[in-house]
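Shown below: run-v3.cif, with mmCIF, C-alpha atoms and all ligand atoms.
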data_my_file
loop_
_atom_site.label_atom_id
_atom_site.label_comp_id
_atom_site.auth_asym_id
_atom_site.auth_seq_id
_atom_site.Cartn_x
_atom_site.Cartn_y
_atom_site.Cartn_z
CA MET A 1047 3.02 -12.20 -6.11
CA SER A 1048 5.02 -9.42 -7.69
CA GLY A 1049 5.92 -8.35 -4.19
CA SER A 1050 9.09 -7.02 -2.77
CA LYS A 1051 11.18 -6.95 -5.90
CA SER A 1052 8.41 -5.07 -7.66
CA GLY A 1053 7.91 -7.98 -9.96
CA THR A 1054 10.40 -8.71 -12.64
CA THR A 1055 10.34 -5.12 -13.83
CA SER A 1056 13.79 -3.76 -14.01
CA TYR A 1057 14.93 -0.34 -15.00
CA SER A 1058 18.08 0.85 -16.58
CA LEU A 1059 19.72 2.92 -13.90
CA THR A 1060 22.11 4.34 -16.43
CA ALA A 1061 19.24 5.60 -18.54
CA LEU A 1062 17.40 6.96 -15.51
CA ARG A 1063 20.46 8.77 -14.19
CA ALA A 1064 21.10 10.22 -17.61
CA GLY A 1065 17.60 11.69 -17.62
CA ASP A 1066 16.03 9.33 -20.15
CA ARG A 1067 12.40 10.44 -20.11
CA ALA A 1068 10.94 7.30 -21.65
CA GLU A 1069 12.61 5.18 -18.98
CA PHE A 1070 11.43 7.53 -16.25
CA SER A 1071 7.86 7.42 -17.53
CA HIS A 1072 8.12 3.65 -17.49
CA LEU A 1073 9.15 3.82 -13.84
CA VAL A 1074 6.30 6.22 -13.03
CA GLU A 1075 3.76 4.10 -14.84
CA SER A 1076 4.66 0.90 -13.06
CA THR A 1077 5.07 2.32 -9.55
CA SER A 1078 2.62 5.21 -9.20
CA ASP A 1079 -0.39 3.12 -8.22
CA SER A 1080 1.52 1.61 -5.31
CA ILE A 1081 2.87 4.97 -4.23
CA TYR A 1082 -0.61 6.47 -4.45
CA ARG A 1083 -2.15 3.63 -2.45
CA LEU A 1084 0.48 4.05 0.23
CA ALA A 1085 -0.01 7.81 0.43
CA LEU A 1086 -3.77 7.47 0.48
CA ARG A 1087 -3.66 5.06 3.41
CA MET A 1088 -1.16 7.21 5.27
CA LEU A 1089 -3.11 10.43 4.78
CA GLY A 1090 -6.71 9.43 4.22
CA SER A 1091 -7.30 12.10 1.60
CA PRO A 1092 -7.15 11.54 -2.18
CA GLN A 1093 -6.09 15.15 -2.72
CA ASP A 1094 -3.21 14.91 -0.25
CA ALA A 1095 -2.23 11.53 -1.67
CA GLU A 1096 -2.07 12.97 -5.17
CA ASP A 1097 0.15 15.80 -3.95
CA VAL A 1098 2.47 13.32 -2.28
CA VAL A 1099 2.73 11.25 -5.45
CA GLN A 1100 3.60 14.31 -7.54
CA GLU A 1101 6.17 15.51 -5.01
CA THR A 1102 7.70 12.05 -4.81
CA TYR A 1103 8.44 11.85 -8.52
CA LEU A 1104 9.58 15.46 -8.74
CA LYS A 1105 12.05 14.80 -5.92
CA ALA A 1106 13.10 11.52 -7.53
CA LEU A 1107 13.68 13.25 -10.83
CA ARG A 1108 15.98 15.75 -9.14
CA ALA A 1109 17.78 13.16 -7.02
CA LEU A 1110 18.22 10.47 -9.66
CA PRO A 1111 21.55 11.66 -11.05
CA GLY A 1112 23.03 11.09 -7.58
CA PHE A 1113 21.20 7.83 -6.86
CA GLU A 1114 23.84 5.24 -6.08
CA GLY A 1115 21.67 2.20 -6.45
CA ARG A 1116 22.62 0.75 -3.10
CA SER A 1117 18.97 0.04 -2.48
CA ASN A 1118 16.39 -1.13 -4.94
CA ILE A 1119 14.97 1.83 -6.86
CA THR A 1120 11.39 1.10 -5.82
CA THR A 1121 12.45 0.93 -2.17
CA TRP A 1122 14.10 4.28 -2.70
CA LEU A 1123 10.86 5.69 -4.14
CA TYR A 1124 8.89 4.32 -1.19
CA ARG A 1125 11.33 6.04 1.09
CA ILE A 1126 10.85 9.41 -0.60
CA ALA A 1127 7.09 8.95 -0.63
CA MET A 1128 6.93 7.93 3.00
CA ASN A 1129 8.98 10.96 4.03
CA GLU A 1130 6.64 13.20 2.07
CA ALA A 1131 3.58 11.55 3.56
CA LEU A 1132 4.88 11.76 7.12
CA MET A 1133 5.83 15.39 6.63
CA MET A 1134 2.36 16.23 5.44
CA LEU A 1135 0.76 14.21 8.21
CA ARG A 1136 2.85 16.05 10.78
CA LYS A 1137 1.49 19.30 9.41
CA ARG A 1138 -2.09 18.04 9.38
CA LYS A 1139 -2.14 16.14 12.66
CA PRO A 1140 0.75 17.19 14.89
CA GLU A 1141 -0.91 15.47 17.85
CA ALA A 1142 -0.32 12.07 16.22
CA PHE A 1143 3.45 12.49 16.57
CA PHE A 1144 5.16 11.93 19.84
CA LEU A 1145 8.47 10.42 19.07
CA GLU A 1146 9.29 9.36 22.59
CA ASP A 1147 5.98 7.55 22.80
CA MET A 1148 6.81 5.58 19.69
CA GLU A 1149 10.15 4.51 21.06
CA LYS A 1150 8.67 3.70 24.44
CA GLU A 1151 6.05 1.62 22.66
CA ASP A 1152 8.78 -0.44 21.00
CA GLU A 1153 9.97 -1.50 24.45
CA GLU A 1154 6.58 -2.50 25.76
CA GLU A 1155 5.42 -6.08 25.91
CA PHE A 1156 2.86 -7.18 23.38
CA SER A 1157 -0.59 -6.99 24.83
CA GLU A 1158 -2.15 -10.38 25.12
CA PRO A 1159 -4.73 -11.40 22.55
CA TYR A 1160 -8.11 -10.68 24.01
CA GLN A 1161 -10.63 -11.62 21.33
CA ILE A 1162 -10.64 -15.36 20.77
CA VAL A 1163 -13.23 -15.96 18.07
CA ASP A 1164 -12.49 -17.94 14.97
CA TRP A 1165 -14.14 -15.86 12.28
CA CYS A 1166 -12.00 -17.24 9.46
CA CYS A 1167 -14.90 -19.40 8.23
CA LEU A 1168 -17.12 -16.43 7.45
CA PRO A 1169 -17.93 -16.30 3.74
CA GLU A 1170 -15.48 -14.28 1.66
CA ASN A 1171 -18.02 -11.69 0.53
CA GLU A 1172 -18.98 -11.07 4.15
CA LEU A 1173 -15.33 -10.40 4.98
CA ILE A 1174 -14.40 -7.96 2.27
CA SER A 1175 -17.54 -6.35 0.91
CA GLY A 1176 -19.43 -3.15 1.61
CA GLU A 1177 -19.66 -2.39 5.26
CA SER A 1178 -16.76 -4.68 6.24
CA ARG A 1179 -14.53 -2.93 3.79
CA LYS A 1180 -15.26 0.40 5.37
CA PHE A 1181 -14.53 -1.07 8.76
CA LEU A 1182 -11.21 -2.48 7.57
CA ASP A 1183 -10.17 0.87 6.11
CA THR A 1184 -10.96 2.58 9.40
CA ALA A 1185 -9.09 -0.03 11.42
CA VAL A 1186 -5.93 0.58 9.38
CA ALA A 1187 -6.41 4.34 9.61
CA LYS A 1188 -6.61 4.09 13.41
CA LEU A 1189 -3.12 2.66 13.76
CA SER A 1190 -0.50 5.18 14.86
CA PRO A 1191 1.53 6.57 11.94
CA ALA A 1192 4.58 4.61 13.11
CA LEU A 1193 2.74 1.28 13.08
CA ARG A 1194 0.77 2.07 9.96
CA ALA A 1195 3.88 2.92 7.95
CA VAL A 1196 5.46 -0.45 8.74
CA PHE A 1197 2.26 -2.41 8.17
CA LEU A 1198 1.57 -0.77 4.80
CA LEU A 1199 5.06 -1.25 3.42
CA ARG A 1200 5.46 -4.81 4.59
CA ASP A 1201 1.98 -6.32 4.42
CA VAL A 1202 0.22 -4.26 1.77
CA GLU A 1203 3.09 -3.34 -0.57
CA LYS A 1204 4.89 -6.59 0.32
CA LEU A 1205 8.35 -5.22 0.80
CA SER A 1206 10.71 -7.51 2.69
CA ILE A 1207 11.58 -6.76 6.31
CA GLN A 1208 14.95 -5.52 5.11
CA GLU A 1209 13.46 -3.23 2.46
CA THR A 1210 10.89 -1.89 4.92
CA ALA A 1211 13.70 -1.11 7.34
CA ALA A 1212 15.62 0.68 4.59
CA ALA A 1213 12.58 2.67 3.47
CA LEU A 1214 11.83 3.85 7.01
CA ASN A 1215 15.39 4.13 8.27
CA LEU A 1216 14.65 1.72 11.08
CA SER A 1217 16.40 -1.38 12.39
CA GLU A 1218 15.01 -4.70 11.25
CA THR A 1219 14.18 -5.50 14.87
CA ALA A 1220 12.09 -2.35 15.17
CA VAL A 1221 10.31 -3.23 11.93
CA LYS A 1222 9.47 -6.73 13.17
CA THR A 1223 8.23 -5.43 16.51
CA ARG A 1224 6.07 -2.73 14.99
CA LEU A 1225 4.76 -5.05 12.35
CA LEU A 1226 3.60 -7.61 14.87
CA ARG A 1227 2.11 -4.90 17.05
CA ALA A 1228 0.17 -3.51 14.10
CA ARG A 1229 -1.05 -6.94 13.03
CA LEU A 1230 -2.14 -7.83 16.57
CA LYS A 1231 -4.03 -4.56 16.92
CA LEU A 1232 -5.80 -5.09 13.65
CA ARG A 1233 -6.57 -8.67 14.60
CA GLU A 1234 -8.26 -7.50 17.80
CA GLU A 1235 -10.38 -4.97 15.94
CA LEU A 1236 -11.38 -7.38 13.23
CA SER A 1237 -12.11 -10.17 15.70
CA GLU A 1238 -14.43 -7.96 17.67
CA TYR A 1239 -16.21 -6.84 14.53
CA PHE A 1240 -16.50 -10.19 12.80
CA GLY A 1241 -17.22 -11.93 16.10
CA GLU A 1242 -20.33 -9.79 16.42
CA ARG A 1243 -21.34 -10.62 12.89
CA MET A 1244 -20.87 -14.30 13.52
CA LYS A 1245 -23.13 -14.12 16.54
CA SER A 1246 -25.84 -12.27 14.67
CA GLY A 1247 -25.52 -14.46 11.60
CA LEU A 1248 -25.12 -17.76 13.40
CA GLU A 1249 -28.60 -19.15 12.94
CA PRO A 1250 -29.01 -18.61 9.22
CA MET A 1251 -25.49 -19.95 8.70
CA LEU A 1252 -26.21 -23.11 10.62
CA GLY A 1253 -29.35 -23.51 8.58
CA GLN A 1254 -27.36 -23.32 5.35
CA ALA A 1255 -24.74 -25.74 6.56
CA GLY A 1256 -27.29 -28.55 7.01
CA MET B 221 -0.18 -21.55 35.22
CA MET B 222 2.15 -23.23 32.78
CA GLU B 223 -0.03 -23.06 29.69
CA GLU B 224 -0.86 -19.38 30.05
CA HIS B 225 2.76 -18.64 30.61
CA ASN B 226 3.55 -20.34 27.31
CA CYS B 227 0.84 -18.42 25.48
CA ARG B 228 2.43 -15.16 26.52
CA ILE B 229 5.89 -16.24 25.38
CA MET B 230 4.48 -17.37 22.05
CA ILE B 231 3.05 -13.97 21.14
CA SER B 232 6.41 -12.46 20.35
CA VAL B 233 7.22 -15.06 17.68
CA LEU B 234 3.83 -15.10 15.94
CA GLY B 235 4.86 -12.53 13.37
CA GLU B 236 7.79 -14.56 12.13
CA TYR B 237 5.71 -17.72 12.36
CA VAL B 238 2.98 -16.46 10.01
CA ASP B 239 5.68 -15.13 7.67
CA GLY B 240 7.40 -18.51 7.66
CA THR B 241 10.70 -17.06 8.85
CA LEU B 242 10.78 -18.41 12.38
CA GLY B 243 13.88 -20.45 13.24
CA ALA B 244 13.46 -24.23 13.32
CA GLU B 245 13.77 -24.65 17.05
CA LEU B 246 11.33 -21.93 18.07
CA CYS B 247 9.03 -23.06 15.31
CA ALA B 248 8.91 -26.58 16.70
CA ASP B 249 8.26 -25.20 20.20
CA LEU B 250 5.41 -23.08 18.92
CA GLU B 251 3.85 -25.91 16.97
CA ARG B 252 4.01 -28.16 20.01
CA HIS B 253 2.18 -25.46 21.92
CA LEU B 254 -0.38 -24.92 19.18
CA ALA B 255 -1.19 -28.61 19.19
CA THR B 256 -2.39 -28.31 22.77
CA CYS B 257 -3.73 -24.76 22.86
CA PRO B 258 -6.91 -24.03 20.89
CA ASN B 259 -6.82 -20.34 21.82
CA CYS B 260 -3.44 -19.76 20.25
CA ARG B 261 -4.58 -21.67 17.18
CA VAL B 262 -7.42 -19.20 16.80
CA VAL B 263 -5.03 -16.30 17.25
CA VAL B 264 -2.68 -17.63 14.56
CA ASN B 265 -5.50 -18.29 12.10
CA THR B 266 -7.17 -14.93 12.59
CA LEU B 267 -3.83 -13.13 12.48
CA ARG B 268 -3.13 -14.68 9.08
CA LYS B 269 -6.62 -13.93 7.85
CA THR B 270 -6.37 -10.33 9.03
CA VAL B 271 -3.32 -9.70 6.86
CA GLU B 272 -4.84 -11.60 3.98
CA ILE B 273 -8.11 -9.67 3.75
CA ILE B 274 -6.45 -6.28 4.12
CA GLN B 275 -4.15 -7.24 1.26
CA GLU B 276 -7.17 -8.26 -0.74
CA ILE B 277 -9.09 -5.02 -0.29
CA SER B 278 -5.98 -2.99 -1.11
CA ALA B 279 -4.97 -4.83 -4.26
CA ASP B 280 -7.33 -3.03 -6.61
CA GLU B 281 -6.79 0.49 -5.31
CA ALA B 282 -5.35 2.65 -8.06
CA MET B 283 -5.05 6.23 -9.11
CA SER B 284 -7.89 7.62 -11.16
CA GLN B 285 -7.18 8.29 -14.81
CA GLU B 286 -7.55 12.02 -14.13
CA ALA B 287 -4.98 11.93 -11.33
CA ARG B 288 -2.63 9.96 -13.58
CA GLN B 289 -2.98 12.60 -16.28
CA ARG B 290 -2.24 15.39 -13.83
CA LEU B 291 0.83 13.48 -12.62
CA PHE B 292 2.20 12.96 -16.12
CA ALA B 293 1.49 16.60 -16.97
CA ARG B 294 3.26 17.81 -13.83
CA LEU B 295 6.27 15.68 -14.73
CA ASP B 296 6.21 16.90 -18.29
CA LEU B 297 5.71 13.36 -19.55
CA MET B 298 2.40 13.71 -21.38
CA GLU B 299 3.76 12.17 -24.56
CA TYR B 300 4.36 8.96 -22.61
CA LEU B 301 0.95 8.79 -20.94
CA PRO B 302 -0.35 5.30 -21.61
CA LYS B 303 -3.87 5.05 -22.91
CA PRO B 304 -6.34 3.97 -20.24
CA PRO B 305 -7.07 0.27 -20.35
CA GLY B 306 -10.41 -0.79 -21.75
CA ALA B 307 -12.41 0.41 -24.66
CA GLU B 308 -11.29 3.87 -25.58
CA PRO B 309 -13.62 4.99 -28.33
CA GLU B 310 -11.76 5.90 -31.49
CA ARG B 311 -12.00 9.60 -31.94
CA SER B 312 -12.57 10.65 -35.45
CA MET B 313 -10.23 13.32 -36.66
CA LEU B 314 -12.98 14.55 -38.92
CA HIS B 315 -14.64 16.41 -36.09
CA ILE B 316 -11.57 18.08 -34.72
CA ARG B 317 -10.51 21.49 -35.85
CA PRO B 318 -7.33 23.45 -35.19
CA GLY B 319 -7.56 25.53 -32.01
CA GLU B 320 -9.79 23.03 -30.22
CA PRO B 321 -8.61 21.36 -27.02
CA CYS B 322 -7.02 17.96 -27.54
CA PRO B 323 -9.65 15.23 -27.04
CA GLN B 324 -7.08 12.90 -25.52
CA CYS B 325 -5.23 14.88 -22.90
CA ARG B 326 -7.48 17.96 -22.78
CA ILE B 327 -4.41 20.06 -22.10
CA GLY B 328 -2.90 20.73 -25.51
CA VAL B 329 -4.54 22.75 -28.27
CA MET B 330 -4.81 21.02 -31.64
CA ASP B 331 -2.57 22.55 -34.27
CA TYR B 332 -0.99 21.71 -37.61
CA ASP B 333 2.53 20.41 -37.54
CA GLY B 334 5.15 20.85 -40.26
CA MET B 335 3.53 18.11 -42.33
CA LEU B 336 0.15 19.81 -42.18
CA SER B 337 -1.20 17.11 -39.91
CA LEU B 338 -3.47 18.13 -37.07
CA VAL B 339 -1.75 17.07 -33.86
CA CYS B 340 -1.69 17.85 -30.17
CA PRO B 341 1.63 19.47 -29.24
CA VAL B 342 1.35 18.13 -25.68
CA CYS B 343 0.55 14.44 -26.02
CA GLY B 344 1.03 13.90 -29.71
CA PHE B 345 -2.50 12.75 -30.35
CA GLY B 346 -3.48 13.34 -33.94
CA GLU B 347 -3.55 12.12 -37.47
CA GLY B 348 -1.13 9.46 -38.46
CA GLY B 349 -0.18 8.49 -41.95
CA CYS B 350 -1.85 9.85 -44.99
CA PHE B 351 -4.77 12.19 -45.00
CA THR B 352 -6.95 12.52 -48.03
ZN ZN C 1 -1.56 -20.79 23.88
ZN ZN C 2 -3.09 16.10 -26.18
#

Kindly present the structure from the file in structure tokens form.
Ligand SMILES: [Zn+2]
Ligand SMILES: [Zn+2]
Amino acid sequence: MSGSKSGTTSYSLTALRAGDRAEFSHLVESTSDSIYRLALRMLGSPQDAEDVVQETYLKALRALPGFEGRSNITTWLYRIAMNEALMMLRKRKPEAFFLEDMEKEDEEEFSEPYQIVDWCCLPENELISGESRKFLDTAVAKLSPALRAVFLLRDVEKLSIQETAAALNLSETAVKTRLLRARLKLREELSEYFGERMKSGLEPMLGQAG
Amino acid sequence: MMEEHNCRIMISVLGEYVDGTLGAELCADLERHLATCPNCRVVVNTLRKTVEIIQEISADEAMSQEARQRLFARLDLMEYLPKPPGAEPERSMLHIRPGEPCPQCRIGVMDYDGMLSLVCPVCGFGEGGCFT
């Protein structure tokens, strides 16, 4: 997987800092889908996501001459984009942000797994098509912004724990804790949903298996 | 009960376990527990699968071509806008006249350049080479 290092794509920092437009367009072309996907899942609106993407690259363009290259340039872009997305989300849904709650949540114990159904054997198209897909999107959207940000960077965009921590200005421990919390929450939701579908689809499936 | 107690302790290391970054000692402890605890096996499997299918549904999400164009225009990079993948029908220059909107970027207005070639000043779309 291309993953955390954003594939083998590398950019000439010297050219970027000097304002080389071809090199910048190369950077935009190879990163904008990821940035868009991230913004879309943070905000839930294609229009807002597009605004965030545009703002991200405008800010990057202005900040590039001073970019020191201590972090990977794509991690740096994710960081700008995530700040933009969170800022917009705070404007749109102020009730979703209670900082103390987030920090308190980091201290809490993990809630014990409740749904114990092995739905892994469901056919692939049942898991990711049509109605399931909509359910999965909603499940991700229901995570708190703090958990969603970590989950998206680490598990969807495949940044490393370290890069995720850098992009969100969090400790690696906080990233790991939030990541597991997000995954466990999603697992509960999905298990409940697919567990139901297994029950309702059990008979025809047994018939096929024979 | 001993087993349940173990299950609860195991939760906190599941993340590193599915990522393959759990230290050897804890990893061995967890695997010993998994061998005897069907419930935790289900949790591990479904936790992995959860991440996997969300990755799968996200992989093909991309910006629309229109949004990409607006982005490149906003950044003043239209001349670098890559052509959309797939069959882009060749547009015949014969049907384009000066003053008409550019058929490629729809932002520029077609005009003659210094060489009397009809080109788009925004994205550069236009005649190449000789024109007879
Ligand atoms: Zn157990
Ligand atoms: Zn044009």

| Could you list, as a ChimeraX atom specification, every residue of chain A that has an atom within 6 Å of an atom of chain B, counting only C-alpha atoms? | /A:1079,1100,1164,1202,1226,1233

| said: What residues of the protein or nucleic acid chains come within 6 Å of ligand ZN 2 (chain C) when you use all atoms listed in the file? Reply as number ranges by chain. | reply: B: 322, 324-328, 340, 342-345

Once you have the residues from the selection above, write them out as a CSV table (one decimal), keeping the file's coordinate frame, restricted to C-alpha atoms.
chain,number,residue,atom,x,y,z
B,322,CYS,CA,-7.0,18.0,-27.5
B,324,GLN,CA,-7.1,12.9,-25.5
B,325,CYS,CA,-5.2,14.9,-22.9
B,326,ARG,CA,-7.5,18.0,-22.8
B,327,ILE,CA,-4.4,20.1,-22.1
B,328,GLY,CA,-2.9,20.7,-25.5
B,340,CYS,CA,-1.7,17.8,-30.2
B,342,VAL,CA,1.4,18.1,-25.7
B,343,CYS,CA,0.6,14.4,-26.0
B,344,GLY,CA,1.0,13.9,-29.7
B,345,PHE,CA,-2.5,12.8,-30.4

| Counting all atoms listed in the file, what is within 9 Å of A:Lys1231, bar same-chain residues fewer than 6 positions away, as a list in words? | Ser1157, Pro1159, Ala1185 and Leu1189 of chain A

| note | Using all atoms listed in the file, the residue out of B:Met330, B:Met335, B:Leu250, B:Leu242 with shortest distance to ligand ZN 1 (chain C) is B:Leu250

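Of the residues listed (A:Ile1162, A:Val1196, A:Leu1110, A:Ala1220), A:Ile1162 shows the shortest atom-to-atom separation from ligand ZN 1 (chain C); distances use all atoms listed in the file.
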
| said: Report as a PyMOL selection string all protein, DNA and RNA residues lying within 10 Å of B:Met230, evaluated on all atoms listed in the file, omitting residues in the same chain fewer than 4 positions from it. | reply: chain B and resi 224-226+234-235+237+246-247+249-251+253-254+260

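Within 7 Å of the file-frame point (-9.5, -2.2, 11.5), and using all atoms listed in the file, the polymer residues found are A:Phe1181, A:Leu1182, A:Asp1183, A:Thr1184, A:Ala1185, A:Val1186, A:Leu1232, A:Glu1235, A:Leu1236.
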
For stretch 1230-1247 of chain A, supply N, CA, C and O atoms and report the output as a compact mmCIF listing (two decimals), in the coordinates of the input.
# COMPACT_ATOMS: atom_id res chain seq x y z
N LEU A 1230 -1.36 -7.40 15.42
CA LEU A 1230 -2.14 -7.83 16.57
C LEU A 1230 -3.28 -6.85 16.86
O LEU A 1230 -4.38 -7.24 17.19
N LYS A 1231 -2.98 -5.55 16.71
CA LYS A 1231 -4.03 -4.56 16.92
C LYS A 1231 -5.16 -4.73 15.92
O LYS A 1231 -6.34 -4.68 16.28
N LEU A 1232 -4.78 -4.90 14.68
CA LEU A 1232 -5.80 -5.09 13.65
C LEU A 1232 -6.60 -6.37 13.91
O LEU A 1232 -7.81 -6.40 13.75
N ARG A 1233 -5.90 -7.40 14.32
CA ARG A 1233 -6.57 -8.67 14.60
C ARG A 1233 -7.63 -8.50 15.70
O ARG A 1233 -8.72 -9.03 15.60
N GLU A 1234 -7.28 -7.74 16.74
CA GLU A 1234 -8.26 -7.50 17.80
C GLU A 1234 -9.50 -6.80 17.26
O GLU A 1234 -10.63 -7.20 17.52
N GLU A 1235 -9.27 -5.74 16.49
CA GLU A 1235 -10.38 -4.97 15.94
C GLU A 1235 -11.28 -5.83 15.07
O GLU A 1235 -12.49 -5.82 15.17
N LEU A 1236 -10.62 -6.57 14.18
CA LEU A 1236 -11.38 -7.38 13.23
C LEU A 1236 -12.11 -8.51 13.95
O LEU A 1236 -13.25 -8.84 13.60
N SER A 1237 -11.47 -9.07 14.98
CA SER A 1237 -12.11 -10.17 15.70
C SER A 1237 -13.36 -9.69 16.42
O SER A 1237 -14.36 -10.39 16.48
N GLU A 1238 -13.27 -8.49 16.98
CA GLU A 1238 -14.43 -7.96 17.67
C GLU A 1238 -15.57 -7.75 16.67
O GLU A 1238 -16.71 -8.14 16.90
N TYR A 1239 -15.21 -7.16 15.55
CA TYR A 1239 -16.21 -6.84 14.53
C TYR A 1239 -16.82 -8.10 13.92
O TYR A 1239 -18.04 -8.26 13.88
N PHE A 1240 -15.98 -9.00 13.46
CA PHE A 1240 -16.50 -10.19 12.80
C PHE A 1240 -17.12 -11.16 13.81
O PHE A 1240 -18.01 -11.92 13.47
N GLY A 1241 -16.61 -11.11 15.05
CA GLY A 1241 -17.22 -11.93 16.10
C GLY A 1241 -18.68 -11.56 16.29
O GLY A 1241 -19.54 -12.43 16.40
N GLU A 1242 -18.96 -10.26 16.32
CA GLU A 1242 -20.33 -9.79 16.42
C GLU A 1242 -21.17 -10.30 15.25
O GLU A 1242 -22.30 -10.75 15.42
N ARG A 1243 -20.58 -10.21 14.07
CA ARG A 1243 -21.34 -10.62 12.89
C ARG A 1243 -21.59 -12.11 12.88
O ARG A 1243 -22.58 -12.57 12.35
N MET A 1244 -20.66 -12.86 13.45
CA MET A 1244 -20.87 -14.30 13.52
C MET A 1244 -22.02 -14.62 14.45
O MET A 1244 -22.85 -15.46 14.16
N LYS A 1245 -22.05 -13.89 15.58
CA LYS A 1245 -23.13 -14.12 16.54
C LYS A 1245 -24.48 -13.83 15.89
O LYS A 1245 -25.41 -14.61 15.97
N SER A 1246 -24.55 -12.67 15.23
CA SER A 1246 -25.84 -12.27 14.67
C SER A 1246 -26.21 -13.13 13.46
O SER A 1246 -27.37 -13.29 13.13
N GLY A 1247 -25.21 -13.69 12.81
CA GLY A 1247 -25.52 -14.46 11.60
C GLY A 1247 -25.49 -15.96 11.83
O GLY A 1247 -25.59 -16.74 10.90
